[in-house]
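**Q** Enclosed is the structure file my_file14.txt (compact mmCIF, C-alpha atoms and all ligand atoms).
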# COMPACT_ATOMS: atom_id res chain seq x y z
CA MET F 1 0.00 0.00 0.00
CA ALA F 2 1.06 3.56 -0.56
CA LEU F 3 0.07 7.12 0.32
CA LEU F 4 -0.82 9.22 -2.72
CA LYS F 5 -0.34 12.97 -3.14
CA ILE F 6 -3.60 14.91 -3.01
CA LEU F 7 -3.96 17.66 -5.64
CA GLN F 8 -4.77 21.06 -4.17
CA PHE F 9 -7.41 23.45 -5.50
CA PRO F 10 -7.11 25.34 -7.89
CA ASP F 11 -4.96 22.71 -9.69
CA PRO F 12 -6.28 22.61 -13.29
CA LYS F 13 -6.10 18.79 -13.17
CA LEU F 14 -9.11 18.89 -10.83
CA ARG F 15 -11.10 20.28 -13.77
CA LEU F 16 -10.72 17.22 -16.03
CA ARG F 17 -13.43 14.62 -16.59
CA ALA F 18 -12.49 11.20 -15.21
CA LYS F 19 -12.78 8.19 -17.53
CA GLU F 20 -14.98 5.15 -17.04
CA VAL F 21 -13.36 2.04 -15.52
CA LYS F 22 -13.59 -0.80 -18.04
CA ILE F 23 -11.42 -3.48 -16.49
CA PHE F 24 -12.00 -4.81 -12.98
CA ASP F 25 -8.65 -6.30 -12.04
CA ARG F 26 -5.93 -6.43 -9.40
CA SER F 27 -4.78 -2.95 -10.40
CA LEU F 28 -8.21 -1.43 -9.68
CA ARG F 29 -8.21 -3.10 -6.26
CA ASN F 30 -4.73 -1.74 -5.62
CA THR F 31 -5.77 1.80 -6.60
CA CYS F 32 -8.80 1.59 -4.29
CA GLU F 33 -6.65 0.42 -1.37
CA ASN F 34 -4.13 3.21 -1.88
CA MET F 35 -6.93 5.78 -2.13
CA LEU F 36 -8.51 4.48 1.08
CA GLU F 37 -5.20 4.61 2.94
CA THR F 38 -4.60 8.15 1.65
CA MET F 39 -8.10 9.24 2.72
CA TYR F 40 -7.75 7.77 6.24
CA ASP F 41 -4.30 9.33 6.62
CA ALA F 42 -5.70 12.77 5.69
CA LYS F 43 -8.70 12.34 8.06
CA GLY F 44 -11.21 12.45 5.23
CA ILE F 45 -14.57 10.79 4.73
CA GLY F 46 -14.54 10.72 0.93
CA LEU F 47 -12.00 10.85 -1.89
CA ALA F 48 -12.30 10.73 -5.68
CA ALA F 49 -9.47 9.25 -7.79
CA ILE F 50 -9.04 12.51 -9.71
CA GLN F 51 -7.95 14.15 -6.42
CA VAL F 52 -4.89 11.88 -6.41
CA ASN F 53 -4.24 12.49 -10.12
CA ILE F 54 -5.83 9.23 -11.30
CA LEU F 55 -8.27 10.04 -14.10
CA LYS F 56 -10.71 7.21 -13.39
CA ARG F 57 -14.28 7.13 -12.13
CA ILE F 58 -13.51 5.74 -8.68
CA VAL F 59 -14.72 7.03 -5.28
CA VAL F 60 -13.80 5.76 -1.82
CA MET F 61 -15.70 6.72 1.30
CA ASP F 62 -16.01 5.85 4.97
CA LEU F 63 -18.74 7.61 6.92
CA SER F 64 -18.47 5.40 10.01
CA GLU F 65 -17.47 6.60 13.46
CA ASN F 66 -14.70 4.01 13.84
CA LYS F 67 -13.39 4.28 10.29
CA ASN F 68 -13.93 0.60 9.67
CA GLU F 69 -16.66 0.66 7.02
CA PRO F 70 -14.93 1.46 3.72
CA MET F 71 -17.14 1.90 0.66
CA PHE F 72 -16.01 1.77 -2.97
CA PHE F 73 -17.98 3.20 -5.88
CA VAL F 74 -16.77 2.49 -9.41
CA ASN F 75 -18.43 4.34 -12.32
CA PRO F 76 -21.06 5.83 -9.99
CA GLU F 77 -23.99 7.46 -11.73
CA ILE F 78 -26.87 9.47 -10.35
CA ILE F 79 -30.21 8.23 -11.65
CA LYS F 80 -32.46 10.69 -9.89
CA LEU F 81 -32.09 13.69 -7.59
CA SER F 82 -34.93 14.82 -5.32
CA ASP F 83 -36.60 18.19 -5.85
CA ASP F 84 -36.28 19.12 -2.19
CA THR F 85 -32.91 20.54 -1.16
CA LYS F 86 -30.84 20.65 1.98
CA GLU F 87 -27.95 22.75 3.23
CA TYR F 88 -24.91 20.92 4.58
CA GLY F 89 -21.48 22.10 5.78
CA GLU F 90 -18.90 20.66 3.37
CA GLY F 91 -15.13 20.48 3.22
CA CYS F 92 -12.74 18.85 0.76
CA LEU F 93 -9.30 17.24 1.06
CA SER F 94 -8.28 19.29 -2.01
CA VAL F 95 -9.37 22.56 -0.34
CA PRO F 96 -7.87 22.19 3.16
CA GLY F 97 -9.11 24.44 5.95
CA ILE F 98 -12.17 25.63 4.02
CA TYR F 99 -15.67 24.68 5.17
CA GLU F 100 -18.81 26.19 3.67
CA LYS F 101 -22.52 25.43 3.56
CA VAL F 102 -23.64 24.02 0.22
CA THR F 103 -27.25 23.52 -0.89
CA ARG F 104 -27.90 20.32 -2.82
CA PRO F 105 -30.80 17.99 -3.61
CA ASN F 106 -31.70 16.19 -0.37
CA SER F 107 -31.87 12.60 -1.60
CA LEU F 108 -30.92 10.56 -4.65
CA SER F 109 -30.95 7.22 -6.33
CA ALA F 110 -27.73 6.06 -7.94
CA LYS F 111 -26.05 3.07 -9.48
CA TYR F 112 -22.45 2.01 -9.34
CA PHE F 113 -20.17 -1.01 -9.69
CA ASP F 114 -18.30 -2.61 -6.82
CA ILE F 115 -14.63 -3.63 -7.00
CA ASP F 116 -15.59 -7.01 -8.49
CA GLY F 117 -17.59 -5.41 -11.30
CA CYS F 118 -21.06 -6.21 -9.90
CA GLU F 119 -23.65 -3.51 -10.44
CA HIS F 120 -25.66 -2.12 -7.51
CA LYS F 121 -28.47 0.36 -6.98
CA LEU F 122 -28.67 2.66 -4.01
CA GLU F 123 -31.10 5.12 -2.42
CA ALA F 124 -29.53 7.69 -0.12
CA ASP F 125 -30.21 10.78 1.91
CA GLY F 126 -28.25 12.54 4.65
CA LEU F 127 -24.46 12.46 4.65
CA LEU F 128 -24.20 9.61 2.11
CA SER F 129 -26.27 11.61 -0.37
CA VAL F 130 -24.21 14.77 0.17
CA CYS F 131 -20.90 12.95 -0.03
CA LEU F 132 -21.83 11.00 -3.17
CA GLN F 133 -22.92 14.20 -4.94
CA HIS F 134 -19.69 15.92 -3.83
CA GLU F 135 -17.51 13.04 -5.07
CA ILE F 136 -19.38 12.54 -8.37
CA ASP F 137 -18.91 16.29 -8.95
CA HIS F 138 -15.13 15.64 -8.69
CA LEU F 139 -15.35 12.94 -11.37
CA ASN F 140 -16.90 15.56 -13.66
CA GLY F 141 -14.26 18.20 -12.91
CA ARG F 142 -16.37 20.11 -10.40
CA VAL F 143 -15.32 21.24 -6.91
CA PHE F 144 -17.72 22.13 -4.06
CA VAL F 145 -16.70 25.78 -4.09
CA ASP F 146 -18.29 26.01 -7.59
CA HIS F 147 -21.66 25.85 -5.81
CA LEU F 148 -20.91 29.00 -3.78
CA SER F 149 -21.48 32.66 -4.65
CA ARG F 150 -18.75 34.52 -6.56
CA LEU F 151 -18.10 36.62 -3.48
CA LYS F 152 -17.50 33.55 -1.31
CA GLN F 153 -15.30 32.00 -4.01
CA GLU F 154 -13.15 35.11 -4.14
CA LYS F 155 -12.85 35.11 -0.35
CA ILE F 156 -11.72 31.48 -0.43
CA ASN F 157 -9.17 32.15 -3.19
CA ARG F 158 -7.69 35.03 -1.18
CA LYS F 159 -7.50 32.89 1.96
CA LEU F 160 -5.78 30.01 0.14
CA GLN F 161 -3.34 32.43 -1.54
CA LYS F 162 -2.45 33.91 1.84
CA GLU F 163 -1.99 30.48 3.38
CA ARG F 164 0.29 29.42 0.50
CA LYS F 165 2.41 32.56 0.94
CA ARG F 166 2.65 31.88 4.67
CA LEU F 167 3.78 28.29 4.07
CA LEU F 168 6.38 29.49 1.52
CA ALA F 169 7.77 32.06 3.95
CA GLU F 170 8.00 29.42 6.64
CA ALA F 171 10.03 27.02 4.51
C1 LIG Q 1 -16.39 15.43 1.10
O1 LIG Q 1 -14.43 15.72 2.33
C2 LIG Q 1 -17.47 15.90 2.04
O2 LIG Q 1 -10.35 20.98 5.07
C3 LIG Q 1 -15.24 14.74 1.77
O3 LIG Q 1 -8.32 20.33 6.72
C4 LIG Q 1 -17.20 16.58 3.22
O4 LIG Q 1 -13.32 14.24 3.56
C5 LIG Q 1 -18.78 15.69 1.70
C6 LIG Q 1 -10.89 17.37 5.30
C7 LIG Q 1 -18.22 16.99 4.05
C8 LIG Q 1 -19.79 16.09 2.54
C9 LIG Q 1 -19.53 16.73 3.72
C10 LIG Q 1 -11.04 18.69 4.94
C11 LIG Q 1 -9.84 17.04 6.14
C12 LIG Q 1 -11.76 16.31 4.78
C13 LIG Q 1 -10.19 19.67 5.42
C14 LIG Q 1 -13.48 15.39 3.26
C15 LIG Q 1 -9.14 19.33 6.27
C16 LIG Q 1 -8.97 18.01 6.63
C17 LIG Q 1 -12.68 16.50 3.82
CO CO Q 2 -13.74 16.92 -2.37
Would you mind writing the file out in structure tokens?
**A**
Amino acid sequence: MALLKILQFPDPKLRLRAKEVKIFDRSLRNTCENMLETMYDAKGIGLAAIQVNILKRIVVMDLSENKNEPMFFVNPEIIKLSDDTKEYGEGCLSVPGIYEKVTRPNSLSAKYFDIDGCEHKLEADGLLSVCLQHEIDHLNGRVFVDHLSRLKQEKINRKLQKERKRLLAEA
């Protein structure tokens, strides 16, 4: 297993569209394991492959208290989003230190493949729904800050710029 480097917003690579997984093999399993290890190490609850510079439609997640319930979603696809919306405080491993409320559809139905290539259907609300929408956004080159007002986005950009300057000065 190995820790992978997480791309930081606004890296242009985060804007690419990830490609469908076609082969379910040892290498896919390996990628999933490395992503999971990287996510746990960074204290995250969800990670999309594109965030570690792997342009494939793979998402790993663990929403459990004890971090012992890993979930893998390969080629996840939203089938239906509810009309009712909900606001939820989101963060992102690619946008460290930034947390903002995002409004999204409350619930969804989705389909995805597991690591062995078996297809599944899923109905979700709450954190699973929010996290899946957030991660599927990543696979399509979208980041959660895209959902915020221009003013908030500019504030975030300034804050990240400042933080980067501070880290440079420190080194
Ligand atoms: C996406 O995000 C998510 O800024 C997963 O300093 C988050 O795991 C979906 C993290 C919330 C829905 C709700 C962020 C860790 C982790 C940070 C994450 C940080 C350290 C973010
Ligand atoms: Co994210």
**Q** Select, from F:Lys152, F:Lys5, F:Arg17, F:Lys22, the residue with the minimum atom-to-atom distance to F:Tyr99, counting only C-alpha atoms.
**A**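 That would be F:Lys152, the residue with the smallest distance to F:Tyr99.
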**Q** Rank nothing, just name the residue among F:Leu7, F:Ala110, F:Leu160, F:Leu36 nearest to F:Ser129, using only C-alpha atoms.
**A**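 Checking each candidate against F:Ser129, we get F:Ala110 as the closest.
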**Q** Dump the neighbourhood of ligand CO 2 (chain Q) as a PyMOL selection string: all residues within 7 Å, distances computed on only C-alpha atoms and all ligand atoms.
**A** chain F and resi 47+91-94+134-135+138+143-144
**Q** At a cut-off of 6 Å, can you tabulate as JSON lines every residue of chain F near ligand LIG 1 (chain Q) together with its closest atom pair and the distance in Å to one decimal, using all atoms listed in the file and ordering rows by chain then number?
**A**
{"residue": "F:Ala42", "atom": "CA", "partner": "Q:LIG1", "partner_atom": "C11", "distance": 6.0}
{"residue": "F:Lys43", "atom": "CA", "partner": "Q:LIG1", "partner_atom": "C11", "distance": 5.2}
{"residue": "F:Gly44", "atom": "CA", "partner": "Q:LIG1", "partner_atom": "O4", "distance": 3.2}
{"residue": "F:Ile45", "atom": "CA", "partner": "Q:LIG1", "partner_atom": "O4", "distance": 3.9}
{"residue": "F:Gly46", "atom": "CA", "partner": "Q:LIG1", "partner_atom": "C3", "distance": 4.2}
{"residue": "F:Glu90", "atom": "CA", "partner": "Q:LIG1", "partner_atom": "C7", "distance": 3.8}
{"residue": "F:Gly91", "atom": "CA", "partner": "Q:LIG1", "partner_atom": "C4", "distance": 4.4}
{"residue": "F:Cys92", "atom": "CA", "partner": "Q:LIG1", "partner_atom": "C17", "distance": 3.9}
{"residue": "F:Leu93", "atom": "CA", "partner": "Q:LIG1", "partner_atom": "C17", "distance": 4.4}
{"residue": "F:Val95", "atom": "CA", "partner": "Q:LIG1", "partner_atom": "O2", "distance": 5.7}
{"residue": "F:Pro96", "atom": "CA", "partner": "Q:LIG1", "partner_atom": "O2", "distance": 3.4}
{"residue": "F:Gly97", "atom": "CA", "partner": "Q:LIG1", "partner_atom": "O2", "distance": 3.8}
{"residue": "F:Ile98", "atom": "CA", "partner": "Q:LIG1", "partner_atom": "O2", "distance": 5.1}
{"residue": "F:Val130", "atom": "CA", "partner": "Q:LIG1", "partner_atom": "C8", "distance": 5.2}
{"residue": "F:Cys131", "atom": "CA", "partner": "Q:LIG1", "partner_atom": "C5", "distance": 3.9}
{"residue": "F:His134", "atom": "CA", "partner": "Q:LIG1", "partner_atom": "C5", "distance": 5.6}
**Q** If we count all atoms listed in the file and set the cut-off at 12 Å, which residues sit around F:Ile50, ignoring sequence neighbours fewer than 5 positions away in its own chain? Please answer as an NGL selection string.
**A** :F and (4-9 or 11-20 or 31 or 35 or 55-60 or 93-94 or 135-143)
**Q** Within 8 Å of (-22.0, 6.2, 0.0) in the file's own coordinates, which protein, DNA or RNA residues have an atom, counting only C-alpha atoms? List them as a list in words.
**A** Met61, Asp62, Leu63, Met71, Phe73, Ala124, Leu128, Ser129, Cys131 and Leu132 of chain F
**Q** Restricting the calculation to all atoms listed in the file: of F:Val145, F:Ala49, F:Val102, F:Leu122, which residue gets closest to F:Ile79?
**A**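 Counting all atoms listed in the file, the residue closest to F:Ile79 is F:Leu122.
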**Q** Let me make sure I understand: among F:Glu100, F:Asp41, F:Glu119, F:Arg164, which one has the smallest atom-to-atom distance to F:Asn75 if we use only C-alpha atoms?
**A** F:Glu119
**Q** F:Leu167, F:Asp125, F:Gly117, F:Ile78: which is nearest F:Arg29, counting all atoms listed in the file?
**A**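 Of F:Leu167, F:Asp125, F:Gly117, F:Ile78, the one nearest F:Arg29, counting all atoms listed in the file, is F:Gly117.
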**Q** Using all atoms listed in the file, pick whichever of F:Cys118, F:Asn68, F:Pro10, F:Leu81 has the shortest atom-to-atom distance to F:Gln161.
**A** F:Pro10
**Q** In Å, with one decimal, what is the gap from atom CA of F:Ala48 to atom CA of F:Leu28?
**A** 13.4 Å
**Q** Could you tell me how far atom CA of F:Glu154 lies from atom CA of F:Ala171, in Å and to one decimal?
**A**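 Here the two named atoms are 26.0 Å from each other.
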**Q** Would you mind completing stretch 136-158 of chain F to N, CA, C and O atoms and writing the output as a short mmCIF file (atom, residue, chain, number, x, y, z; two decimals), in the coordinates of the input?
**A**
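That gives us selection_10.cif:
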data_model
loop_
_atom_site.label_atom_id
_atom_site.label_comp_id
_atom_site.auth_asym_id
_atom_site.auth_seq_id
_atom_site.Cartn_x
_atom_site.Cartn_y
_atom_site.Cartn_z
N ILE F 136 -19.05 12.68 -6.95
CA ILE F 136 -19.38 12.54 -8.37
C ILE F 136 -19.11 13.87 -9.09
O ILE F 136 -18.66 13.88 -10.24
N ASP F 137 -19.33 14.98 -8.41
CA ASP F 137 -18.91 16.29 -8.95
C ASP F 137 -17.43 16.25 -9.34
O ASP F 137 -17.05 16.69 -10.43
N HIS F 138 -16.58 15.72 -8.42
CA HIS F 138 -15.13 15.64 -8.69
C HIS F 138 -14.87 14.88 -9.99
O HIS F 138 -14.03 15.28 -10.80
N LEU F 139 -15.59 13.77 -10.18
CA LEU F 139 -15.35 12.94 -11.37
C LEU F 139 -15.69 13.71 -12.64
O LEU F 139 -15.22 13.37 -13.73
N ASN F 140 -16.52 14.74 -12.51
CA ASN F 140 -16.90 15.56 -13.66
C ASN F 140 -16.17 16.91 -13.67
O ASN F 140 -16.59 17.85 -14.35
N GLY F 141 -15.08 17.00 -12.90
CA GLY F 141 -14.26 18.20 -12.91
C GLY F 141 -14.83 19.36 -12.09
O GLY F 141 -14.42 20.50 -12.28
N ARG F 142 -15.76 19.06 -11.21
CA ARG F 142 -16.37 20.11 -10.40
C ARG F 142 -15.89 20.02 -8.95
O ARG F 142 -15.67 18.91 -8.43
N VAL F 143 -15.76 21.17 -8.31
CA VAL F 143 -15.32 21.24 -6.91
C VAL F 143 -16.42 21.94 -6.11
O VAL F 143 -17.16 22.76 -6.67
N PHE F 144 -16.56 21.63 -4.81
CA PHE F 144 -17.72 22.13 -4.06
C PHE F 144 -17.80 23.64 -4.01
O PHE F 144 -18.90 24.20 -3.93
N VAL F 145 -16.66 24.32 -4.12
CA VAL F 145 -16.70 25.78 -4.09
C VAL F 145 -17.43 26.35 -5.32
O VAL F 145 -17.93 27.48 -5.28
N ASP F 146 -17.54 25.56 -6.40
CA ASP F 146 -18.29 26.01 -7.59
C ASP F 146 -19.75 26.30 -7.26
O ASP F 146 -20.41 27.04 -7.98
N HIS F 147 -20.25 25.67 -6.19
CA HIS F 147 -21.66 25.85 -5.81
C HIS F 147 -21.88 27.12 -5.01
O HIS F 147 -23.03 27.47 -4.72
N LEU F 148 -20.78 27.81 -4.63
CA LEU F 148 -20.91 29.00 -3.78
C LEU F 148 -21.00 30.27 -4.61
O LEU F 148 -20.70 30.27 -5.81
N SER F 149 -21.40 31.36 -3.97
CA SER F 149 -21.48 32.66 -4.65
C SER F 149 -20.07 33.11 -5.07
O SER F 149 -19.08 32.70 -4.49
N ARG F 150 -20.02 33.97 -6.09
CA ARG F 150 -18.75 34.52 -6.56
C ARG F 150 -17.97 35.18 -5.43
O ARG F 150 -16.75 35.02 -5.30
N LEU F 151 -18.71 35.90 -4.59
CA LEU F 151 -18.10 36.62 -3.48
C LEU F 151 -17.39 35.64 -2.55
O LEU F 151 -16.24 35.84 -2.15
N LYS F 152 -18.09 34.57 -2.19
CA LYS F 152 -17.50 33.55 -1.31
C LYS F 152 -16.32 32.87 -1.97
O LYS F 152 -15.31 32.59 -1.33
N GLN F 153 -16.41 32.63 -3.29
CA GLN F 153 -15.30 32.00 -4.01
C GLN F 153 -14.06 32.89 -3.98
O GLN F 153 -12.94 32.41 -3.79
N GLU F 154 -14.28 34.19 -4.16
CA GLU F 154 -13.15 35.11 -4.14
C GLU F 154 -12.51 35.18 -2.77
O GLU F 154 -11.28 35.24 -2.63
N LYS F 155 -13.34 35.12 -1.73
CA LYS F 155 -12.85 35.11 -0.35
C LYS F 155 -11.96 33.88 -0.11
O LYS F 155 -10.90 33.96 0.49
N ILE F 156 -12.45 32.74 -0.60
CA ILE F 156 -11.72 31.48 -0.43
C ILE F 156 -10.39 31.54 -1.17
O ILE F 156 -9.34 31.16 -0.63
N ASN F 157 -10.40 32.04 -2.41
CA ASN F 157 -9.17 32.15 -3.19
C ASN F 157 -8.13 33.02 -2.47
O ASN F 157 -6.95 32.69 -2.43
N ARG F 158 -8.60 34.14 -1.90
CA ARG F 158 -7.69 35.03 -1.18
C ARG F 158 -7.09 34.33 0.05
O ARG F 158 -5.90 34.44 0.32
#
